[in-house]
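So the structure is just underneath, and the comments pick up after that.
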Amino acid sequence: MHIQLLTEKIPVGISQCALGDPVRYDGGHKLSKVCTQLLSQCLELQPFCPEVAIGLGVPRPPIRLVASDRLRAVGRDDPGIDVTEALEGYADRLVPKAAQLRGFILMQKSPSCGVRTVPHYKADGSMPLAHGAGLFAARLREHFPHLPIEEVGRLNASDIRENFLTRVFAYDAWYRYVDPDPRPARVIEFYTAYKYLLLAHSQPLTRDLGRLLADAGQCEPQQFACEVRGRIMEILAHTASREDRTNALMHSQGHLNEFLNKEERAELTQLIADFQRGLKPLSAVLTMLRHYLPRSPNPFIHSQVLLAAEPAELGLCDFR
Ligand code: SF4
């Protein structure tokens with residue numbers, strides 16, 4: 001299986017205020033240039049504003065999350081306003097449309113869109129009891145547990161941006177290559193193409209996944225495919241450490257050594273060692289590995305997504 005990571009722009013949902021549209025409760029916006037100028041080069045950003053969609057209008061009374069019988073979205077200044085069911089119902093109605101998306105970028109701290117640090121207040125409105133997801137984000141996660149989701153603000157960090165794009169590319173590739181034909185053989189082909197990239201993100205979890213794949217024949221195909229997709233997305237959510245990346249690059253070199261002369265082998269080994277010590281960029285190693293790739297007739301190494309153009313090389317991770 002030769003997986004092409006980018007064929008056309010990949011559809012990804014985004015909180016509408018991040019595109020600069022004045023849809024916030026106070027009539028303002030939260031434009032993200034990282035999204036509109038950088039990520040838009042490879043992502044087709046589709047805007048959603050849950051609070052406007054449920055008819056709250058602009059401007060509108062601000063809401064916040066309060067823990068009572070359950071977590072509820074109520075008016076900050078008027079507790080009589082309760083849009084809990086409306087927000088969750090909107091997320092439910094969005095399911096057919098969201099099923100076509102390969103990621104979602106959501107605005108941090110919003111009681112609707114926030115993913116991780118939204119305050120959950122006590123019923124009396126005093127101190128926050130905890131922090132967590134907004135109601136729309138939580139419901140979206142329930143419907144699509146493997147969908148890559150990230151907060152707008154966190155995407156300003158290049159390592160988080162790269163990780164998000166890696167997950168979006170993988171999720172999109174799954175839907176193009178496996179979803180139409182989720183037989184175990186196809187699932188294993190996909191895993192095989194991703195194997196060294198997965199190793200670069202987590203060696204122990206990739207080995208666990210390898211053991212699961214060895215039992216492919218025991219499982220119901222749809223359930224098996226869903227389990228593997230979830231594991232792959234979980235592994236890719238781990239940041240690829242320099243050590244794990246080095247290990248994966250050395251595995252790749254192992255497939256090429258027999259086609260290199262002594263000097264070429266030594267030069268490649270030195271380059272990987274320099275990457276490990278932070279002296280050379282990943283792109284330098286990948287360029288050299290790709291240069292030698294045509295010498296090998298081995299389809300396994302040719303299929304490796306690790307050796308495909310990764311987000312940093314596409315110029316999607318450097319932004320000033
Ligand atoms: S954070 Fe979400 S609900 Fe709030 S304005 Fe932005 S898109 Fe709308």
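Scheme for the structure tokens: letters A, B, ... for chains in order shown; per-chain residue numbers from 1; ligand numbers from 1 in order shown.
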Counting only C-alpha atoms and all ligand atoms, what are the residues of chain A within 6 Å of ligand 1, and for each of them which pair of atoms is the nearest and at what distance in Å, to one decimal? Sort the table by chain and rising number, as a Markdown table.
```
| residue | atom | partner | partner_atom_place_in_ligand_line | distance |
| --- | --- | --- | --- | --- |
| A:Ser15 | CA | ligand 1 | 7 (S) | 3.8 |
| A:Gln16 | CA | ligand 1 | 7 (S) | 4.4 |
| A:Cys17 | CA | ligand 1 | 6 (Fe) | 4.3 |
| A:Val23 | CA | ligand 1 | 5 (S) | 4.9 |
| A:Arg24 | CA | ligand 1 | 5 (S) | 3.7 |
| A:Phe48 | CA | ligand 1 | 7 (S) | 5.9 |
| A:Cys49 | CA | ligand 1 | 7 (S) | 3.7 |
| A:Pro50 | CA | ligand 1 | 3 (S) | 4.9 |
| A:Glu51 | CA | ligand 1 | 3 (S) | 4.5 |
| A:Met107 | CA | ligand 1 | 1 (S) | 4.9 |
| A:Ser110 | CA | ligand 1 | 1 (S) | 5.0 |
| A:Ser112 | CA | ligand 1 | 3 (S) | 5.3 |
| A:Cys113 | CA | ligand 1 | 2 (Fe) | 4.7 |
```
File of the preceding selection, N, CA, C and O atoms, as a short mmCIF file (atom, residue, chain, number, x, y, z; two decimals), in the first residue's frame:
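Result file follows (result.cif):
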```
data_model
loop_
_atom_site.label_atom_id
_atom_site.label_comp_id
_atom_site.auth_asym_id
_atom_site.auth_seq_id
_atom_site.Cartn_x
_atom_site.Cartn_y
_atom_site.Cartn_z
N SER A 15 -13.91 26.30 14.77
CA SER A 15 -14.77 27.30 15.43
C SER A 15 -14.75 28.56 14.58
O SER A 15 -13.69 29.10 14.26
N GLN A 16 -15.93 29.05 14.26
CA GLN A 16 -16.04 30.12 13.27
C GLN A 16 -15.31 31.40 13.68
O GLN A 16 -14.75 32.11 12.83
N CYS A 17 -15.29 31.68 14.99
CA CYS A 17 -14.63 32.92 15.45
C CYS A 17 -13.14 32.91 15.14
O CYS A 17 -12.52 33.97 15.02
N VAL A 23 -18.57 36.48 15.57
CA VAL A 23 -19.70 35.67 16.08
C VAL A 23 -19.64 35.45 17.59
O VAL A 23 -20.48 34.74 18.14
N ARG A 24 -18.64 36.04 18.28
CA ARG A 24 -18.55 35.82 19.72
C ARG A 24 -19.70 36.55 20.43
O ARG A 24 -20.35 37.44 19.87
N PHE A 48 -17.98 26.44 11.97
CA PHE A 48 -19.18 26.13 12.75
C PHE A 48 -19.19 27.01 13.99
O PHE A 48 -18.15 27.15 14.66
N CYS A 49 -20.33 27.61 14.29
CA CYS A 49 -20.47 28.32 15.57
C CYS A 49 -21.70 27.75 16.27
O CYS A 49 -22.84 28.12 15.95
N PRO A 50 -21.51 26.86 17.23
CA PRO A 50 -22.65 26.21 17.88
C PRO A 50 -23.61 27.20 18.53
O PRO A 50 -24.83 27.03 18.45
N GLU A 51 -23.09 28.27 19.15
CA GLU A 51 -23.98 29.18 19.88
C GLU A 51 -24.86 29.99 18.93
O GLU A 51 -26.03 30.24 19.21
N MET A 107 -12.10 26.45 19.61
CA MET A 107 -11.62 27.59 20.39
C MET A 107 -11.52 27.25 21.87
O MET A 107 -12.50 26.79 22.48
N SER A 110 -13.92 28.25 25.61
CA SER A 110 -15.35 28.50 25.37
C SER A 110 -16.18 27.41 26.04
O SER A 110 -15.85 26.23 25.94
N SER A 112 -18.77 26.23 25.01
CA SER A 112 -19.27 25.35 23.95
C SER A 112 -18.13 24.60 23.27
O SER A 112 -18.14 23.38 23.15
N CYS A 113 -17.12 25.35 22.82
CA CYS A 113 -16.08 24.78 21.95
C CYS A 113 -14.82 24.32 22.68
O CYS A 113 -14.05 23.53 22.12
#
```
inquiry  = List as an MDAnalysis selection string the protein and nucleic acid residues near Ala214 of chain A, meaning an atom at most 12 Å away when only C-alpha atoms are counted, but skip any in the same chain fewer than 6 places from it.
reply    = chainID A and resid 184:185 187:188 191 207:208 224 228
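Take the candidates A:Leu286, A:Leu205, A:Cys219, A:Ala200 and check each one against Ala248 of chain A using only C-alpha atoms; the shortest distance goes to A:Ala200.
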Counting only C-alpha atoms, the residue of A:Val178, A:Leu38, A:Ile272, A:Val152 that sits nearest Glu243 of chain A = A:Ile272
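Residue nearest Gly153 of chain A within the list A:Cys35, A:Ala240, A:Ala225, A:Ala173: A:Cys35 [criterion: smallest interatomic distance, only C-alpha atoms].
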request  = Among the residues of segment 21-166 of chain A, find those DSSP assigns to strand (DSSP E) from the backbone and print them as a PyMOL selection string.
outcome  = chain A and resi 43-48+63-67+71-75+104-106+118-121+128-132+149-151
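Considering only C-alpha atoms, the residue among A:Ala273, A:Val52, A:Leu279, A:Ile301 positioned nearest to Ala193 of chain A is A:Ile301.
Closest to Ala67 of chain A among A:Thr117, A:Ser296, A:Ser252, A:Thr84 is A:Thr84, based on only C-alpha atoms.
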task = Please provide the set of residues having any atom within 7 Å of segment 129-144 of chain A, restricted to only C-alpha atoms, with same-chain residues fewer than 6 positions apart removed, written as a ChimeraX atom specification.
result = /A:87-88,91,110-122
Selection from above, N, CA, C and O atoms, as a compact mmCIF listing (two decimals), in the first residue's frame, can you write it?
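again05.txt, freshly written:
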```txt
# COMPACT_ATOMS: atom_id res chain seq x y z
N LEU A 87 -27.36 22.86 22.81
CA LEU A 87 -25.98 22.68 22.32
C LEU A 87 -25.70 21.22 21.98
O LEU A 87 -25.08 20.90 20.97
N GLU A 88 -26.16 20.32 22.86
CA GLU A 88 -25.91 18.90 22.61
C GLU A 88 -26.71 18.41 21.40
O GLU A 88 -26.22 17.61 20.60
N ALA A 91 -24.91 19.35 18.28
CA ALA A 91 -23.80 18.42 18.00
C ALA A 91 -24.35 17.11 17.42
O ALA A 91 -23.76 16.53 16.49
N SER A 110 -13.92 28.25 25.61
CA SER A 110 -15.35 28.50 25.37
C SER A 110 -16.18 27.41 26.04
O SER A 110 -15.85 26.23 25.94
N PRO A 111 -17.30 27.79 26.69
CA PRO A 111 -18.16 26.77 27.30
C PRO A 111 -18.79 25.84 26.28
O PRO A 111 -19.28 24.76 26.63
N SER A 112 -18.77 26.23 25.01
CA SER A 112 -19.27 25.35 23.95
C SER A 112 -18.13 24.60 23.27
O SER A 112 -18.14 23.38 23.15
N CYS A 113 -17.12 25.35 22.82
CA CYS A 113 -16.08 24.78 21.95
C CYS A 113 -14.82 24.32 22.68
O CYS A 113 -14.05 23.53 22.12
N GLY A 114 -14.54 24.83 23.87
CA GLY A 114 -13.28 24.50 24.55
C GLY A 114 -13.08 23.00 24.69
O GLY A 114 -14.04 22.25 24.87
N VAL A 115 -11.83 22.57 24.63
CA VAL A 115 -11.56 21.13 24.64
C VAL A 115 -11.05 20.65 26.00
O VAL A 115 -11.34 19.55 26.42
N ARG A 116 -10.30 21.49 26.72
CA ARG A 116 -9.68 20.94 27.92
C ARG A 116 -9.68 21.85 29.16
O ARG A 116 -9.56 21.35 30.26
N THR A 117 -9.73 23.16 29.04
CA THR A 117 -9.54 24.00 30.22
C THR A 117 -10.73 24.91 30.51
O THR A 117 -10.57 26.00 31.07
N VAL A 118 -11.92 24.47 30.14
CA VAL A 118 -13.11 25.29 30.39
C VAL A 118 -13.51 25.14 31.86
O VAL A 118 -13.66 24.02 32.35
N PRO A 119 -13.68 26.26 32.59
CA PRO A 119 -14.06 26.14 34.00
C PRO A 119 -15.47 25.55 34.17
O PRO A 119 -16.39 25.93 33.45
N HIS A 120 -15.60 24.60 35.09
CA HIS A 120 -16.89 24.04 35.47
C HIS A 120 -17.20 24.61 36.86
O HIS A 120 -16.57 24.21 37.85
N TYR A 121 -18.14 25.54 36.92
CA TYR A 121 -18.41 26.26 38.17
C TYR A 121 -19.31 25.46 39.10
O TYR A 121 -20.06 24.59 38.66
N LYS A 122 -19.23 25.82 40.39
CA LYS A 122 -20.18 25.26 41.37
C LYS A 122 -21.57 25.81 41.07
O LYS A 122 -21.70 26.88 40.46
```
inquiry  = Measuring between only C-alpha atoms, which one of A:His238, A:Arg102, A:His302, A:Lys33 shows the shortest distance to Leu155 of chain A?
reply    = A:Lys33
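As for atom CA of Gly230 of chain A and atom CA of Thr7 of chain A, they are spaced 23.3 Å apart.
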ask   = Quick one, how far is atom CA of Leu147 of chain A from atom CA of Val168 of chain A?
value = 8.1 Å
What lies within 8 Å of Ala170 of chain A using only C-alpha atoms, ignoring chain neighbours under 3 positions off, as a PDB file with all heavy atoms, in the first residue's frame?
```pdb
ATOM      1  N   LEU A   5      -0.192  11.164   1.226  1.00  0.00           N
ATOM      2  CA  LEU A   5      -0.757  11.897   2.361  1.00  0.00           C
ATOM      3  C   LEU A   5      -1.604  13.090   1.940  1.00  0.00           C
ATOM      4  O   LEU A   5      -2.591  13.413   2.561  1.00  0.00           O
ATOM      5  CB  LEU A   5       0.352  12.355   3.299  1.00  0.00           C
ATOM      6  CG  LEU A   5       1.043  11.223   4.065  1.00  0.00           C
ATOM      7  CD1 LEU A   5       2.086  11.781   4.999  1.00  0.00           C
ATOM      8  CD2 LEU A   5       0.046  10.384   4.840  1.00  0.00           C
ATOM      9  N   THR A 166      -0.184  15.498  11.504  1.00  0.00           N
ATOM     10  CA  THR A 166       0.135  14.070  11.318  1.00  0.00           C
ATOM     11  C   THR A 166      -1.107  13.225  11.564  1.00  0.00           C
ATOM     12  O   THR A 166      -1.405  12.287  10.812  1.00  0.00           O
ATOM     13  CB  THR A 166       1.264  13.657  12.288  1.00  0.00           C
ATOM     14  OG1 THR A 166       2.420  14.451  11.999  1.00  0.00           O
ATOM     15  CG2 THR A 166       1.616  12.185  12.152  1.00  0.00           C
ATOM     16  N   ARG A 167      -1.865  13.577  12.615  1.00  0.00           N
ATOM     17  CA  ARG A 167      -3.081  12.813  12.937  1.00  0.00           C
ATOM     18  C   ARG A 167      -4.163  13.028  11.870  1.00  0.00           C
ATOM     19  O   ARG A 167      -4.851  12.086  11.474  1.00  0.00           O
ATOM     20  CB  ARG A 167      -3.596  13.211  14.328  1.00  0.00           C
ATOM     21  CG  ARG A 167      -2.714  12.668  15.446  1.00  0.00           C
ATOM     22  CD  ARG A 167      -3.279  12.973  16.804  1.00  0.00           C
ATOM     23  NE  ARG A 167      -3.174  14.374  17.159  1.00  0.00           N
ATOM     24  CZ  ARG A 167      -4.151  15.078  17.739  1.00  0.00           C
ATOM     25  NH1 ARG A 167      -5.308  14.512  18.022  1.00  0.00           N
ATOM     26  NH2 ARG A 167      -3.972  16.341  18.053  1.00  0.00           N
ATOM     27  N   ALA A 173      -6.156   9.422   5.516  1.00  0.00           N
ATOM     28  CA  ALA A 173      -5.650   8.272   4.747  1.00  0.00           C
ATOM     29  C   ALA A 173      -6.458   7.017   5.082  1.00  0.00           C
ATOM     30  O   ALA A 173      -6.775   6.212   4.212  1.00  0.00           O
ATOM     31  CB  ALA A 173      -4.162   8.053   5.039  1.00  0.00           C
ATOM     32  N   TRP A 174      -6.805   6.858   6.365  1.00  0.00           N
ATOM     33  CA  TRP A 174      -7.613   5.695   6.759  1.00  0.00           C
ATOM     34  C   TRP A 174      -8.925   5.672   5.979  1.00  0.00           C
ATOM     35  O   TRP A 174      -9.348   4.644   5.463  1.00  0.00           O
ATOM     36  CB  TRP A 174      -7.892   5.731   8.266  1.00  0.00           C
ATOM     37  CG  TRP A 174      -8.745   4.594   8.728  1.00  0.00           C
ATOM     38  CD1 TRP A 174     -10.111   4.508   8.690  1.00  0.00           C
ATOM     39  CD2 TRP A 174      -8.294   3.345   9.251  1.00  0.00           C
ATOM     40  NE1 TRP A 174     -10.536   3.295   9.173  1.00  0.00           N
ATOM     41  CE2 TRP A 174      -9.437   2.562   9.524  1.00  0.00           C
ATOM     42  CE3 TRP A 174      -7.024   2.821   9.531  1.00  0.00           C
ATOM     43  CZ2 TRP A 174      -9.354   1.272  10.061  1.00  0.00           C
ATOM     44  CZ3 TRP A 174      -6.944   1.542  10.063  1.00  0.00           C
ATOM     45  CH2 TRP A 174      -8.103   0.785  10.316  1.00  0.00           C
ATOM     46  N   MET A 233      -4.650   6.129  16.134  1.00  0.00           N
ATOM     47  CA  MET A 233      -4.823   7.547  16.464  1.00  0.00           C
ATOM     48  C   MET A 233      -4.297   7.850  17.867  1.00  0.00           C
ATOM     49  O   MET A 233      -3.737   8.917  18.105  1.00  0.00           O
ATOM     50  CB  MET A 233      -6.303   7.945  16.348  1.00  0.00           C
ATOM     51  CG  MET A 233      -6.897   7.805  14.948  1.00  0.00           C
ATOM     52  SD  MET A 233      -5.884   8.455  13.596  1.00  0.00           S
ATOM     53  CE  MET A 233      -5.803  10.180  14.030  1.00  0.00           C
TER      54      MET A 233
END
```
message = Give me, as a PyMOL selection string, all polymer residues having an atom no more than 12 Å from Arg176 of chain A, counting only C-alpha atoms and skipping those fewer than 4 positions away in the same chain.
response = chain A and resi 1-8+10+100+102+169-172+180-182+186+190
From segment 23-169 of chain A, collect each residue whose DSSP state is helix (DSSP H, G or I) and return the set as an mmCIF file with N, CA and C atoms, in the first residue's frame.
```cif
data_model
loop_
_atom_site.group_PDB
_atom_site.id
_atom_site.type_symbol
_atom_site.label_atom_id
_atom_site.label_comp_id
_atom_site.auth_asym_id
_atom_site.auth_seq_id
_atom_site.Cartn_x
_atom_site.Cartn_y
_atom_site.Cartn_z
ATOM 1 N N LYS A 33 -4.256 33.532 12.747
ATOM 2 C CA LYS A 33 -3.541 33.583 11.465
ATOM 3 C C LYS A 33 -2.863 32.261 11.167
ATOM 4 N N VAL A 34 -2.522 31.519 12.212
ATOM 5 C CA VAL A 34 -1.940 30.192 11.983
ATOM 6 C C VAL A 34 -2.932 29.330 11.207
ATOM 7 N N CYS A 35 -4.220 29.458 11.556
ATOM 8 C CA CYS A 35 -5.239 28.673 10.847
ATOM 9 C C CYS A 35 -5.524 29.252 9.468
ATOM 10 N N THR A 36 -5.744 30.572 9.401
ATOM 11 C CA THR A 36 -6.204 31.144 8.125
ATOM 12 C C THR A 36 -5.079 31.263 7.089
ATOM 13 N N GLN A 37 -3.841 31.465 7.558
ATOM 14 C CA GLN A 37 -2.760 31.691 6.579
ATOM 15 C C GLN A 37 -1.874 30.465 6.371
ATOM 16 N N LEU A 38 -1.782 29.602 7.391
ATOM 17 C CA LEU A 38 -0.850 28.480 7.286
ATOM 18 C C LEU A 38 -1.591 27.158 7.060
ATOM 19 N N LEU A 39 -2.432 26.784 8.026
ATOM 20 C CA LEU A 39 -3.098 25.484 7.917
ATOM 21 C C LEU A 39 -4.074 25.440 6.745
ATOM 22 N N SER A 40 -4.592 26.603 6.374
ATOM 23 C CA SER A 40 -5.537 26.639 5.250
ATOM 24 C C SER A 40 -4.865 26.231 3.936
ATOM 25 N N GLN A 41 -3.525 26.185 3.937
ATOM 26 C CA GLN A 41 -2.836 25.768 2.704
ATOM 27 C C GLN A 41 -3.084 24.291 2.389
ATOM 28 N N PRO A 50 -21.505 26.861 17.232
ATOM 29 C CA PRO A 50 -22.650 26.210 17.882
ATOM 30 C C PRO A 50 -23.608 27.203 18.534
ATOM 31 N N GLU A 51 -23.089 28.270 19.153
ATOM 32 C CA GLU A 51 -23.980 29.180 19.883
ATOM 33 C C GLU A 51 -24.860 29.993 18.928
ATOM 34 N N VAL A 52 -24.294 30.390 17.794
ATOM 35 C CA VAL A 52 -25.116 31.086 16.791
ATOM 36 C C VAL A 52 -26.099 30.087 16.161
ATOM 37 N N ALA A 53 -25.617 28.863 15.923
ATOM 38 C CA ALA A 53 -26.468 27.858 15.265
ATOM 39 C C ALA A 53 -27.708 27.514 16.085
ATOM 40 N N THR A 84 -28.226 23.845 27.521
ATOM 41 C CA THR A 84 -27.550 22.541 27.571
ATOM 42 C C THR A 84 -28.038 21.616 26.458
ATOM 43 N N GLU A 85 -29.360 21.366 26.455
ATOM 44 C CA GLU A 85 -29.904 20.410 25.484
ATOM 45 C C GLU A 85 -29.775 20.960 24.058
ATOM 46 N N ALA A 86 -29.895 22.273 23.918
ATOM 47 C CA ALA A 86 -29.800 22.864 22.571
ATOM 48 C C ALA A 86 -28.392 22.643 21.994
ATOM 49 N N LEU A 87 -27.358 22.860 22.810
ATOM 50 C CA LEU A 87 -25.984 22.684 22.318
ATOM 51 C C LEU A 87 -25.701 21.221 21.982
ATOM 52 N N GLU A 88 -26.158 20.324 22.862
ATOM 53 C CA GLU A 88 -25.909 18.898 22.614
ATOM 54 C C GLU A 88 -26.713 18.414 21.401
ATOM 55 N N GLY A 89 -27.934 18.934 21.276
ATOM 56 C CA GLY A 89 -28.767 18.559 20.127
ATOM 57 C C GLY A 89 -28.129 19.021 18.825
ATOM 58 N N TYR A 90 -27.519 20.209 18.852
ATOM 59 C CA TYR A 90 -26.840 20.711 17.644
ATOM 60 C C TYR A 90 -25.692 19.771 17.266
ATOM 61 N N ALA A 91 -24.910 19.351 18.276
ATOM 62 C CA ALA A 91 -23.804 18.416 17.998
ATOM 63 C C ALA A 91 -24.351 17.109 17.420
ATOM 64 N N ASP A 92 -25.493 16.654 17.934
ATOM 65 C CA ASP A 92 -26.084 15.403 17.423
ATOM 66 C C ASP A 92 -26.527 15.566 15.965
ATOM 67 N N ARG A 93 -27.136 16.707 15.669
ATOM 68 C CA ARG A 93 -27.618 16.921 14.291
ATOM 69 C C ARG A 93 -26.457 17.073 13.305
ATOM 70 N N VAL A 95 -23.857 15.267 13.170
ATOM 71 C CA VAL A 95 -23.114 14.011 12.961
ATOM 72 C C VAL A 95 -22.900 13.655 11.485
ATOM 73 N N PRO A 96 -23.950 13.691 10.618
ATOM 74 C CA PRO A 96 -23.696 13.314 9.218
ATOM 75 C C PRO A 96 -22.654 14.214 8.551
ATOM 76 N N LYS A 97 -22.691 15.510 8.876
ATOM 77 C CA LYS A 97 -21.734 16.444 8.271
ATOM 78 C C LYS A 97 -20.336 16.228 8.859
ATOM 79 N N ALA A 98 -20.287 16.066 10.182
ATOM 80 C CA ALA A 98 -18.984 15.896 10.848
ATOM 81 C C ALA A 98 -18.317 14.586 10.436
ATOM 82 N N LEU A 135 -19.497 21.901 26.150
ATOM 83 C CA LEU A 135 -20.549 20.916 25.848
ATOM 84 C C LEU A 135 -20.526 20.428 24.397
ATOM 85 N N PHE A 136 -20.331 21.340 23.454
ATOM 86 C CA PHE A 136 -20.290 20.928 22.042
ATOM 87 C C PHE A 136 -19.084 20.023 21.794
ATOM 88 N N ALA A 137 -17.922 20.433 22.322
ATOM 89 C CA ALA A 137 -16.694 19.645 22.115
ATOM 90 C C ALA A 137 -16.831 18.254 22.723
ATOM 91 N N ALA A 138 -17.438 18.174 23.918
ATOM 92 C CA ALA A 138 -17.570 16.879 24.587
ATOM 93 C C ALA A 138 -18.482 15.950 23.786
ATOM 94 N N ARG A 139 -19.567 16.516 23.254
ATOM 95 C CA ARG A 139 -20.516 15.691 22.491
ATOM 96 C C ARG A 139 -19.889 15.226 21.167
ATOM 97 N N LEU A 140 -19.117 16.126 20.555
ATOM 98 C CA LEU A 140 -18.419 15.773 19.313
ATOM 99 C C LEU A 140 -17.460 14.608 19.578
ATOM 100 N N ARG A 141 -16.753 14.675 20.702
ATOM 101 C CA ARG A 141 -15.809 13.619 21.071
ATOM 102 C C ARG A 141 -16.536 12.286 21.309
ATOM 103 N N GLU A 142 -17.746 12.368 21.903
ATOM 104 C CA GLU A 142 -18.528 11.132 22.118
ATOM 105 C C GLU A 142 -18.895 10.474 20.790
ATOM 106 N N HIS A 143 -19.289 11.299 19.825
ATOM 107 C CA HIS A 143 -19.690 10.753 18.526
ATOM 108 C C HIS A 143 -18.500 10.251 17.713
ATOM 109 N N GLY A 153 -5.530 27.832 20.094
ATOM 110 C CA GLY A 153 -4.356 28.451 20.710
ATOM 111 C C GLY A 153 -3.163 27.517 20.760
ATOM 112 N N ARG A 154 -3.403 26.242 21.013
ATOM 113 C CA ARG A 154 -2.299 25.288 21.107
ATOM 114 C C ARG A 154 -1.605 25.098 19.756
ATOM 115 N N LEU A 155 -2.321 25.387 18.673
ATOM 116 C CA LEU A 155 -1.716 25.207 17.346
ATOM 117 C C LEU A 155 -0.646 26.254 17.038
ATOM 118 N N ASN A 156 -0.505 27.250 17.926
ATOM 119 C CA ASN A 156 0.599 28.199 17.747
ATOM 120 C C ASN A 156 1.946 27.535 17.992
ATOM 121 N N SER A 158 4.696 24.865 17.262
ATOM 122 C CA SER A 158 4.967 24.097 16.037
ATOM 123 C C SER A 158 4.920 22.590 16.268
ATOM 124 N N ASP A 159 5.343 22.103 17.463
ATOM 125 C CA ASP A 159 5.320 20.645 17.673
ATOM 126 C C ASP A 159 3.876 20.137 17.776
ATOM 127 N N ILE A 160 2.995 20.938 18.405
ATOM 128 C CA ILE A 160 1.586 20.532 18.513
ATOM 129 C C ILE A 160 0.918 20.593 17.136
ATOM 130 N N ARG A 161 1.283 21.633 16.383
ATOM 131 C CA ARG A 161 0.736 21.780 15.024
ATOM 132 C C ARG A 161 1.143 20.586 14.154
ATOM 133 N N GLU A 162 2.400 20.208 14.244
ATOM 134 C CA GLU A 162 2.897 19.081 13.450
ATOM 135 C C GLU A 162 2.179 17.788 13.854
ATOM 136 N N ASN A 163 1.992 17.627 15.169
ATOM 137 C CA ASN A 163 1.320 16.421 15.648
ATOM 138 C C ASN A 163 -0.129 16.378 15.158
ATOM 139 N N PHE A 164 -0.803 17.518 15.222
ATOM 140 C CA PHE A 164 -2.196 17.571 14.769
ATOM 141 C C PHE A 164 -2.282 17.214 13.280
ATOM 142 N N LEU A 165 -1.402 17.802 12.481
ATOM 143 C CA LEU A 165 -1.432 17.519 11.041
ATOM 144 C C LEU A 165 -1.125 16.049 10.763
ATOM 145 N N THR A 166 -0.184 15.498 11.504
ATOM 146 C CA THR A 166 0.135 14.070 11.318
ATOM 147 C C THR A 166 -1.107 13.225 11.564
ATOM 148 N N ARG A 167 -1.865 13.577 12.615
ATOM 149 C CA ARG A 167 -3.081 12.813 12.937
ATOM 150 C C ARG A 167 -4.163 13.028 11.870
ATOM 151 N N VAL A 168 -4.299 14.268 11.414
ATOM 152 C CA VAL A 168 -5.308 14.547 10.375
ATOM 153 C C VAL A 168 -4.964 13.778 9.093
ATOM 154 N N PHE A 169 -3.691 13.794 8.704
ATOM 155 C CA PHE A 169 -3.276 13.083 7.486
ATOM 156 C C PHE A 169 -3.576 11.587 7.635
#
```
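The residue set within 12 Å of Pro79 of chain A, counting only C-alpha atoms and dropping same-chain residues fewer than 4 places from it, reads Pro61, Pro62, Ile63, Arg64, Leu65, Val66, Ser68, Arg72, Ala73, Val74, Gly75, Val83, Thr84, Ala123, Asp124 and Gly125 of chain A.
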